[in-house]
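Peer 1: The structure is given below, and queries will be raised subsequently.
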Protein chains: 2
Amino acid sequence: MSASPVQARPGRRKAGKERLHGSIAHQLGVEIVSGRHQPGDILTNEIEFSERLQVSRSAYREAVRILAAKGLVESRPRVGTRVTEMNRWNLLDPDVLAWFFEAEPARALVEGLFELRMIVEPAAAALAAERRTGPQIEAMREALQTMERAGLKTEAGQSADRDFHQLVLDATGNAPLVSLASTIGAGVRWTTFYKGRKHKLPPDPMPEHWAVFDAIAAGDAGGARKAMDVLVANSRAQAAEALEDR
Amino acid sequence: MSASPVQARPGRRKAGKERLHGSIAHQLGVEIVSGRHQPGDILTNEIEFSERLQVSRSAYREAVRILAAKGLVESRPRVGTRVTEMNRWNLLDPDVLAWFFEAEPARALVEGLFELRMIVEPAAAALAAERRTGPQIEAMREALQTMERAGLKTEAGQSADRDFHQLVLDATGNAPLVSLASTIGAGVRWTTFYKGRKHKLPPDPMPEHWAVFDAIAAGDAGGARKAMDVLVANSRAQAAEALEDR
DNA sequence: AGCGAAGATTACTCAGACAAATAGACGCCC
DNA sequence: GGGCGTCTATTTGTCTGAGTAATCTTCGCT
């Protein structure tokens with residue numbers, strides 16, 4: 001258990017945009033979801049821990065509040081700050097998910113995420129086909145065009161891919177579904193992220209994407225559901241292959 | 001904009017278990033989701049706001065960190081703390097959802113929640129039928145028995161109802177789905193909560209619950225899906241009626 | 001053995017100071 | 001007059017040190 005200052009003194013944090021409390025939460029969050037601190041473990045008390053990180057107690061405490069807000073830890077006087085059971089974690093929180101993927105997520109989590117996508121996205125596509133507005137159709141078209149132009153090897157292309165899935169969820173007009181977008185996005189990101197590991201080139205996903213788009217634009221709910229089902233299923237199969245490789 | 005101390009000095013907070021920073025976050029959270037502070041609004045600066053609430057700046061700041069962790073606000077130096085756009089809110093967070101329901105949630109949110117349940121729960125029931133373990137079956141049976149015995153008018157009965165839905169999601173063995181449980185639970189709670197407003201007695205939901213249970217216990221995925229679909233659809237219809245009444 | 005009081009440990013709250021970031025105003029130069 | 005660097009004021013961010021409140025544990029009393 002080595003002392004590990006949050007960041008070298010002059011450089012401070014890497015991301016540049018994250019504040020000190022944010023970067024502490026980030027670091028601690030990753031350590032928790034990666035198993036470095038197990039559920040049930042009690043973190044070293046505030047004073048000692050903040051000294052070890054070479055930050056003030058207030059910065060450390062604000063970091064703990066962030067983690068507690070996401071369900072990762074629980075603080076009580078005289079007891080300390082305890083890592084909560086995993087089923088209390090807010091896995092749907094974008095940050096928590098990002099921390100997971102930063103530390104090689106467990107296989108079960110990735111599979112669970114794709115299972116969730118298989119459930120949610122086809123249904124969302126169907127709703128989107130019924131409710132999408134004109135501007136939303138255009139936004140989706142642009143996203144797919146960007147994706148096609150930039151290719152999935154570029155960050156721009158991958159970003160456009162996520163945008164498309166986000167736009168579909170937006171078009172459902174269902175606020176809770178929209179909130180799921182960041183979760184879904186993490187799944188999409190994972191597909192493209194680990195793609196490089198494979199030897200074979202993955203099949204071109206553009207036709208499936210256009211099929212989803214066409215059905216949504218046409219207002220064909222059933223068709224949109226089926227097309228999205230195919231798209232996610234392929235993405236899932238590809239992810240499964242990538243999981244084998246490692 | 002009246003001054004409103006978080007809680008009278010001696011009494012402190014009502015819940016008893018919530019700390020000061022938690023109760024401030026709670027109060028502010030409700031004010032945000034209820035529209036008292038609109039997206040784009042900038043909160044009064046830390047010093048003035050904490051003085052108005054008669055709490056220290058650090059307590060107030062920790063509350064803001066909690067809200068920021070849930071996506072409700074965003075702080076930047078020189079600008080202040082701004083309420084973020086609603087599509088950035090983490091609606092799936094149990095606290096955020098609870099705050100919504102504490103302040104008469106918008107009709108669209110309730111409808112969206114039931115739409116989500118219609119998508120997720122039947123699929124989850126099907127997965128549960130395939131993967132449930134023996135102890136999980138027993139736990140579900142006990143929950144339904146408790147629910148039957150106590151009745152839906154009692155808190156114990158309603159709690160058992162939520163437990164049952166939670167147990168079904170647990171039985172999927174899918175971590176992200178389990179995280180959705182608190183979201184689903186909020187929907188379940190809403191059904192029973194507003195039931196009292198109606199004149200007609202709602203139909204007894206027990207047969208539908210037992211149908212779901214039987215299919216899951218029998219390992220009948222298709223049957224579980226259909227049974228849960230019926231259960232949620234009825235619950236949704238009932239909620240729709242309640243929405244008309246108000 | 002059961003139960004109540006005392007003590008120790010921890011997070012919680014407070015107060016006040018200084019540092020860092022940055023939006024907006026200002027002035028300069030071209 | 002317009003574009004651009006600079007300067008300043010405001011706000012959040014960070015730090016320090018003190019005292020408070022909650023609660024687990026232990027010990028002594030009954």
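Residue numbering restarts at 1 in every chain; chains get A, B, ... in the order shown in the structure tokens, and ligands count up from 1 in that same order.
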Restrict the calculation to only C-alpha atoms, then for each residue of chain A with any atom at most 9 Å from an atom of chain B give the closest atom pair and their distance in Å to one decimal, rows by chain and rising residue number, as JSON lines.

Peer 2:
{"residue": "A:Ser58", "atom": "CA", "partner": "B:Ser58", "partner_atom": "CA", "distance": 7.6}
{"residue": "A:Arg61", "atom": "CA", "partner": "B:Glu62", "partner_atom": "CA", "distance": 7.9}
{"residue": "A:Glu62", "atom": "CA", "partner": "B:Glu62", "partner_atom": "CA", "distance": 5.6}
{"residue": "A:Ala63", "atom": "CA", "partner": "B:Arg65", "partner_atom": "CA", "distance": 8.1}
{"residue": "A:Arg65", "atom": "CA", "partner": "B:Ile66", "partner_atom": "CA", "distance": 6.1}
{"residue": "A:Ile66", "atom": "CA", "partner": "B:Ile66", "partner_atom": "CA", "distance": 5.5}
{"residue": "A:Leu67", "atom": "CA", "partner": "B:Ala69", "partner_atom": "CA", "distance": 8.1}
{"residue": "A:Ala68", "atom": "CA", "partner": "B:Ile66", "partner_atom": "CA", "distance": 8.1}
{"residue": "A:Ala69", "atom": "CA", "partner": "B:Ile66", "partner_atom": "CA", "distance": 5.5}
{"residue": "A:Lys70", "atom": "CA", "partner": "B:Ala69", "partner_atom": "CA", "distance": 7.1}
{"residue": "A:Met86", "atom": "CA", "partner": "B:Ala175", "partner_atom": "CA", "distance": 8.6}
{"residue": "A:Asn87", "atom": "CA", "partner": "B:Ser179", "partner_atom": "CA", "distance": 6.8}
{"residue": "A:Arg88", "atom": "CA", "partner": "B:Ser179", "partner_atom": "CA", "distance": 7.4}
{"residue": "A:Trp89", "atom": "CA", "partner": "B:Ser179", "partner_atom": "CA", "distance": 7.2}
{"residue": "A:Asn90", "atom": "CA", "partner": "B:Ser179", "partner_atom": "CA", "distance": 6.0}
{"residue": "A:Leu91", "atom": "CA", "partner": "B:Pro176", "partner_atom": "CA", "distance": 5.9}
{"residue": "A:Leu92", "atom": "CA", "partner": "B:Pro176", "partner_atom": "CA", "distance": 6.6}
{"residue": "A:Asp93", "atom": "CA", "partner": "B:Asn90", "partner_atom": "CA", "distance": 7.1}
{"residue": "A:Pro94", "atom": "CA", "partner": "B:Asn90", "partner_atom": "CA", "distance": 8.6}
{"residue": "A:Asp95", "atom": "CA", "partner": "B:Ala69", "partner_atom": "CA", "distance": 8.6}
{"residue": "A:Ala108", "atom": "CA", "partner": "B:Asn174", "partner_atom": "CA", "distance": 7.8}
{"residue": "A:Leu109", "atom": "CA", "partner": "B:Ala175", "partner_atom": "CA", "distance": 6.6}
{"residue": "A:Glu111", "atom": "CA", "partner": "B:Asn174", "partner_atom": "CA", "distance": 8.3}
{"residue": "A:Gly112", "atom": "CA", "partner": "B:Asn174", "partner_atom": "CA", "distance": 5.1}
{"residue": "A:Leu113", "atom": "CA", "partner": "B:Pro176", "partner_atom": "CA", "distance": 6.4}
{"residue": "A:Glu115", "atom": "CA", "partner": "B:Asn174", "partner_atom": "CA", "distance": 8.0}
{"residue": "A:Leu116", "atom": "CA", "partner": "B:Leu177", "partner_atom": "CA", "distance": 6.9}
{"residue": "A:Ile119", "atom": "CA", "partner": "B:Val120", "partner_atom": "CA", "distance": 6.6}
{"residue": "A:Val120", "atom": "CA", "partner": "B:Ile119", "partner_atom": "CA", "distance": 6.6}
{"residue": "A:Ala123", "atom": "CA", "partner": "B:Ile119", "partner_atom": "CA", "distance": 6.7}
{"residue": "A:Ala124", "atom": "CA", "partner": "B:Ile119", "partner_atom": "CA", "distance": 8.6}
{"residue": "A:Asp170", "atom": "CA", "partner": "B:Asn87", "partner_atom": "CA", "distance": 8.9}
{"residue": "A:Gly173", "atom": "CA", "partner": "B:Gly112", "partner_atom": "CA", "distance": 8.3}
{"residue": "A:Asn174", "atom": "CA", "partner": "B:Gly112", "partner_atom": "CA", "distance": 5.1}
{"residue": "A:Ala175", "atom": "CA", "partner": "B:Gly112", "partner_atom": "CA", "distance": 6.4}
{"residue": "A:Pro176", "atom": "CA", "partner": "B:Leu91", "partner_atom": "CA", "distance": 5.9}
{"residue": "A:Leu177", "atom": "CA", "partner": "B:Leu116", "partner_atom": "CA", "distance": 6.9}
{"residue": "A:Val178", "atom": "CA", "partner": "B:Asn87", "partner_atom": "CA", "distance": 6.8}
{"residue": "A:Ser179", "atom": "CA", "partner": "B:Leu91", "partner_atom": "CA", "distance": 5.9}
{"residue": "A:Leu180", "atom": "CA", "partner": "B:Leu92", "partner_atom": "CA", "distance": 7.7}

Peer 1: Suppose we keep N, CA and C atoms; can you now write the selection as a compact mmCIF listing (two decimals), in the first residue's frame?

Peer 2:
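Generated file (again.txt):
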# COMPACT_ATOMS: atom_id res chain seq x y z
N SER A 58 -10.75 18.79 3.34
CA SER A 58 -11.99 19.21 2.68
C SER A 58 -12.05 18.69 1.25
N ARG A 61 -12.85 15.06 1.54
CA ARG A 61 -14.24 14.85 1.93
C ARG A 61 -15.20 15.09 0.78
N GLU A 62 -14.94 16.12 -0.02
CA GLU A 62 -15.81 16.39 -1.16
C GLU A 62 -15.76 15.22 -2.15
N ALA A 63 -14.59 14.63 -2.27
CA ALA A 63 -14.47 13.46 -3.15
C ALA A 63 -15.31 12.31 -2.61
N ARG A 65 -17.94 12.57 -0.80
CA ARG A 65 -19.36 12.89 -1.01
C ARG A 65 -19.79 12.49 -2.42
N ILE A 66 -18.91 12.72 -3.39
CA ILE A 66 -19.22 12.35 -4.77
C ILE A 66 -19.41 10.84 -4.88
N LEU A 67 -18.48 10.10 -4.29
CA LEU A 67 -18.57 8.64 -4.34
C LEU A 67 -19.82 8.14 -3.62
N ALA A 68 -20.13 8.77 -2.50
CA ALA A 68 -21.32 8.37 -1.75
C ALA A 68 -22.58 8.65 -2.56
N ALA A 69 -22.57 9.76 -3.30
CA ALA A 69 -23.73 10.12 -4.11
C ALA A 69 -23.97 9.10 -5.21
N LYS A 70 -22.92 8.41 -5.61
CA LYS A 70 -23.05 7.40 -6.65
C LYS A 70 -23.19 6.01 -6.05
N MET A 86 -21.81 -4.21 -4.01
CA MET A 86 -21.87 -3.83 -5.43
C MET A 86 -23.30 -3.61 -5.91
N ASN A 87 -24.25 -4.35 -5.34
CA ASN A 87 -25.62 -4.17 -5.83
C ASN A 87 -26.22 -2.82 -5.41
N ARG A 88 -25.49 -2.10 -4.58
CA ARG A 88 -25.95 -0.74 -4.22
C ARG A 88 -25.28 0.31 -5.11
N TRP A 89 -24.29 -0.09 -5.87
CA TRP A 89 -23.61 0.88 -6.74
C TRP A 89 -24.55 1.34 -7.84
N ASN A 90 -24.38 2.56 -8.24
CA ASN A 90 -25.19 3.10 -9.31
C ASN A 90 -24.50 2.87 -10.65
N LEU A 91 -24.65 1.63 -11.16
CA LEU A 91 -23.92 1.26 -12.38
C LEU A 91 -24.34 2.08 -13.58
N LEU A 92 -25.53 2.67 -13.51
CA LEU A 92 -26.02 3.43 -14.65
C LEU A 92 -25.44 4.83 -14.69
N ASP A 93 -24.74 5.20 -13.65
CA ASP A 93 -24.11 6.52 -13.62
C ASP A 93 -22.96 6.55 -14.62
N PRO A 94 -22.94 7.58 -15.46
CA PRO A 94 -21.91 7.67 -16.50
C PRO A 94 -20.49 7.60 -15.94
N ASP A 95 -20.25 8.27 -14.85
CA ASP A 95 -18.91 8.26 -14.27
C ASP A 95 -18.52 6.87 -13.78
N ALA A 108 -18.51 -10.12 -17.05
CA ALA A 108 -19.94 -10.17 -16.77
C ALA A 108 -20.60 -8.81 -16.97
N LEU A 109 -19.86 -7.75 -16.64
CA LEU A 109 -20.44 -6.42 -16.77
C LEU A 109 -20.67 -6.09 -18.24
N GLU A 111 -21.05 -8.13 -20.73
CA GLU A 111 -22.15 -8.95 -21.24
C GLU A 111 -23.49 -8.42 -20.75
N GLY A 112 -23.52 -8.02 -19.49
CA GLY A 112 -24.75 -7.47 -18.94
C GLY A 112 -25.17 -6.21 -19.66
N LEU A 113 -24.19 -5.42 -20.01
CA LEU A 113 -24.47 -4.16 -20.70
C LEU A 113 -25.07 -4.42 -22.07
N GLU A 115 -26.66 -7.12 -22.92
CA GLU A 115 -27.98 -7.69 -22.70
C GLU A 115 -29.00 -6.56 -22.49
N LEU A 116 -28.58 -5.56 -21.74
CA LEU A 116 -29.45 -4.41 -21.52
C LEU A 116 -29.74 -3.69 -22.83
N ILE A 119 -32.30 -5.35 -24.87
CA ILE A 119 -33.66 -5.16 -24.35
C ILE A 119 -34.18 -3.77 -24.70
N VAL A 120 -33.31 -2.79 -24.46
CA VAL A 120 -33.79 -1.41 -24.51
C VAL A 120 -33.79 -0.82 -25.92
N ALA A 123 -36.64 -1.59 -28.56
CA ALA A 123 -37.90 -0.97 -28.13
C ALA A 123 -37.83 0.55 -28.30
N ALA A 124 -36.68 1.11 -27.98
CA ALA A 124 -36.51 2.56 -28.14
C ALA A 124 -36.61 2.96 -29.60
N ASP A 170 -33.14 9.98 -27.70
CA ASP A 170 -33.74 11.30 -27.56
C ASP A 170 -35.11 11.33 -28.24
N GLY A 173 -38.57 10.68 -26.75
CA GLY A 173 -39.25 11.66 -25.92
C GLY A 173 -39.48 11.17 -24.50
N ASN A 174 -38.80 10.10 -24.16
CA ASN A 174 -38.96 9.50 -22.83
C ASN A 174 -37.74 9.83 -21.98
N ALA A 175 -37.97 10.68 -20.98
CA ALA A 175 -36.86 11.19 -20.19
C ALA A 175 -36.02 10.09 -19.54
N PRO A 176 -36.62 9.11 -18.88
CA PRO A 176 -35.80 8.06 -18.30
C PRO A 176 -34.98 7.31 -19.34
N LEU A 177 -35.55 7.09 -20.50
CA LEU A 177 -34.79 6.43 -21.57
C LEU A 177 -33.62 7.29 -22.01
N VAL A 178 -33.84 8.58 -22.08
CA VAL A 178 -32.75 9.48 -22.46
C VAL A 178 -31.61 9.38 -21.46
N SER A 179 -31.98 9.24 -20.20
CA SER A 179 -30.95 9.11 -19.16
C SER A 179 -30.15 7.83 -19.32
N LEU A 180 -30.73 6.85 -19.97
CA LEU A 180 -30.01 5.61 -20.20
C LEU A 180 -28.97 5.76 -21.32

Peer 1: Quick one: which chain C residues come within 9 Å of chain A, and what is the nearest atom pair for each with the distance in Å to one decimal, counting only C-alpha atoms (C1' of nucleotides), rows ordered by chain and ascending number, as CSV?

Peer 2:
residue,atom,partner,partner_atom,distance
C:DT9,C1',A:Arg78,CA,5.5
C:DT10,C1',A:Arg78,CA,3.6
C:DA11,C1',A:Pro77,CA,4.1
C:DC12,C1',A:Pro77,CA,7.8

Peer 1: Can those selected residues be exported to a file as a tab-separated table (two decimals), in the first residue's frame so that it contains N, CA and C atoms (P, O5', C5', C4', C3', O3' and C1' of nucleotides)?

Peer 2:
chain	number	residue	atom	x	y	z
C	9	DT	P	-8.73	5.79	20.81
C	9	DT	O5'	-9.49	5.83	19.42
C	9	DT	C5'	-10.35	4.75	19.06
C	9	DT	C4'	-11.33	5.24	18.02
C	9	DT	C3'	-10.70	6.11	16.92
C	9	DT	O3'	-11.04	5.57	15.67
C	9	DT	C1'	-12.65	7.12	17.77
C	10	DT	P	-10.16	5.86	14.39
C	10	DT	O5'	-11.23	6.52	13.40
C	10	DT	C5'	-12.47	5.85	13.12
C	10	DT	C4'	-13.54	6.87	12.86
C	10	DT	C3'	-13.15	8.02	11.93
C	10	DT	O3'	-13.50	7.70	10.61
C	10	DT	C1'	-14.55	8.73	13.78
C	11	DA	P	-13.27	8.74	9.41
C	11	DA	O5'	-14.68	9.44	9.28
C	11	DA	C5'	-15.87	8.69	9.13
C	11	DA	C4'	-17.07	9.55	9.57
C	11	DA	C3'	-17.42	10.69	8.61
C	11	DA	O3'	-18.83	10.79	8.56
C	11	DA	C1'	-16.96	11.57	10.73
C	12	DC	P	-19.49	11.91	7.63
C	12	DC	O5'	-19.64	13.13	8.64
C	12	DC	C5'	-20.74	13.14	9.53
C	12	DC	C4'	-20.85	14.49	10.21
C	12	DC	C3'	-21.02	15.68	9.26
C	12	DC	O3'	-22.23	16.34	9.62
C	12	DC	C1'	-19.32	16.13	10.84

Peer 1: For chain D against chain A, which residues fall within 6 Å using only C-alpha atoms (C1' of nucleotides), given as a ChimeraX atom specification?

Peer 2: /D:15,22-23

Peer 1: Fewer than 4 positions away in the same chain doesn't count, so skip those; otherwise give me all residues within 10 Å of DC29 in chain C, counting only C-alpha atoms (C1' of nucleotides), as a CSV table (one decimal) with C-alpha atoms (C1' of nucleotides), in the first residue's frame.

Peer 2:
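Okay, this is what ended up in result.csv:
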chain,number,residue,atom,x,y,z
D,3,DG,C1',-9.1,42.6,-33.8
D,4,DC,C1',-6.3,41.2,-30.0
D,5,DG,C1',-3.7,40.9,-25.8

Peer 1: For Pro39 in chain A, which residue among A:Arg52, A:Arg82, A:Arg162, A:Arg189 is the nearest when counting only C-alpha atoms?

Peer 2: A:Arg82
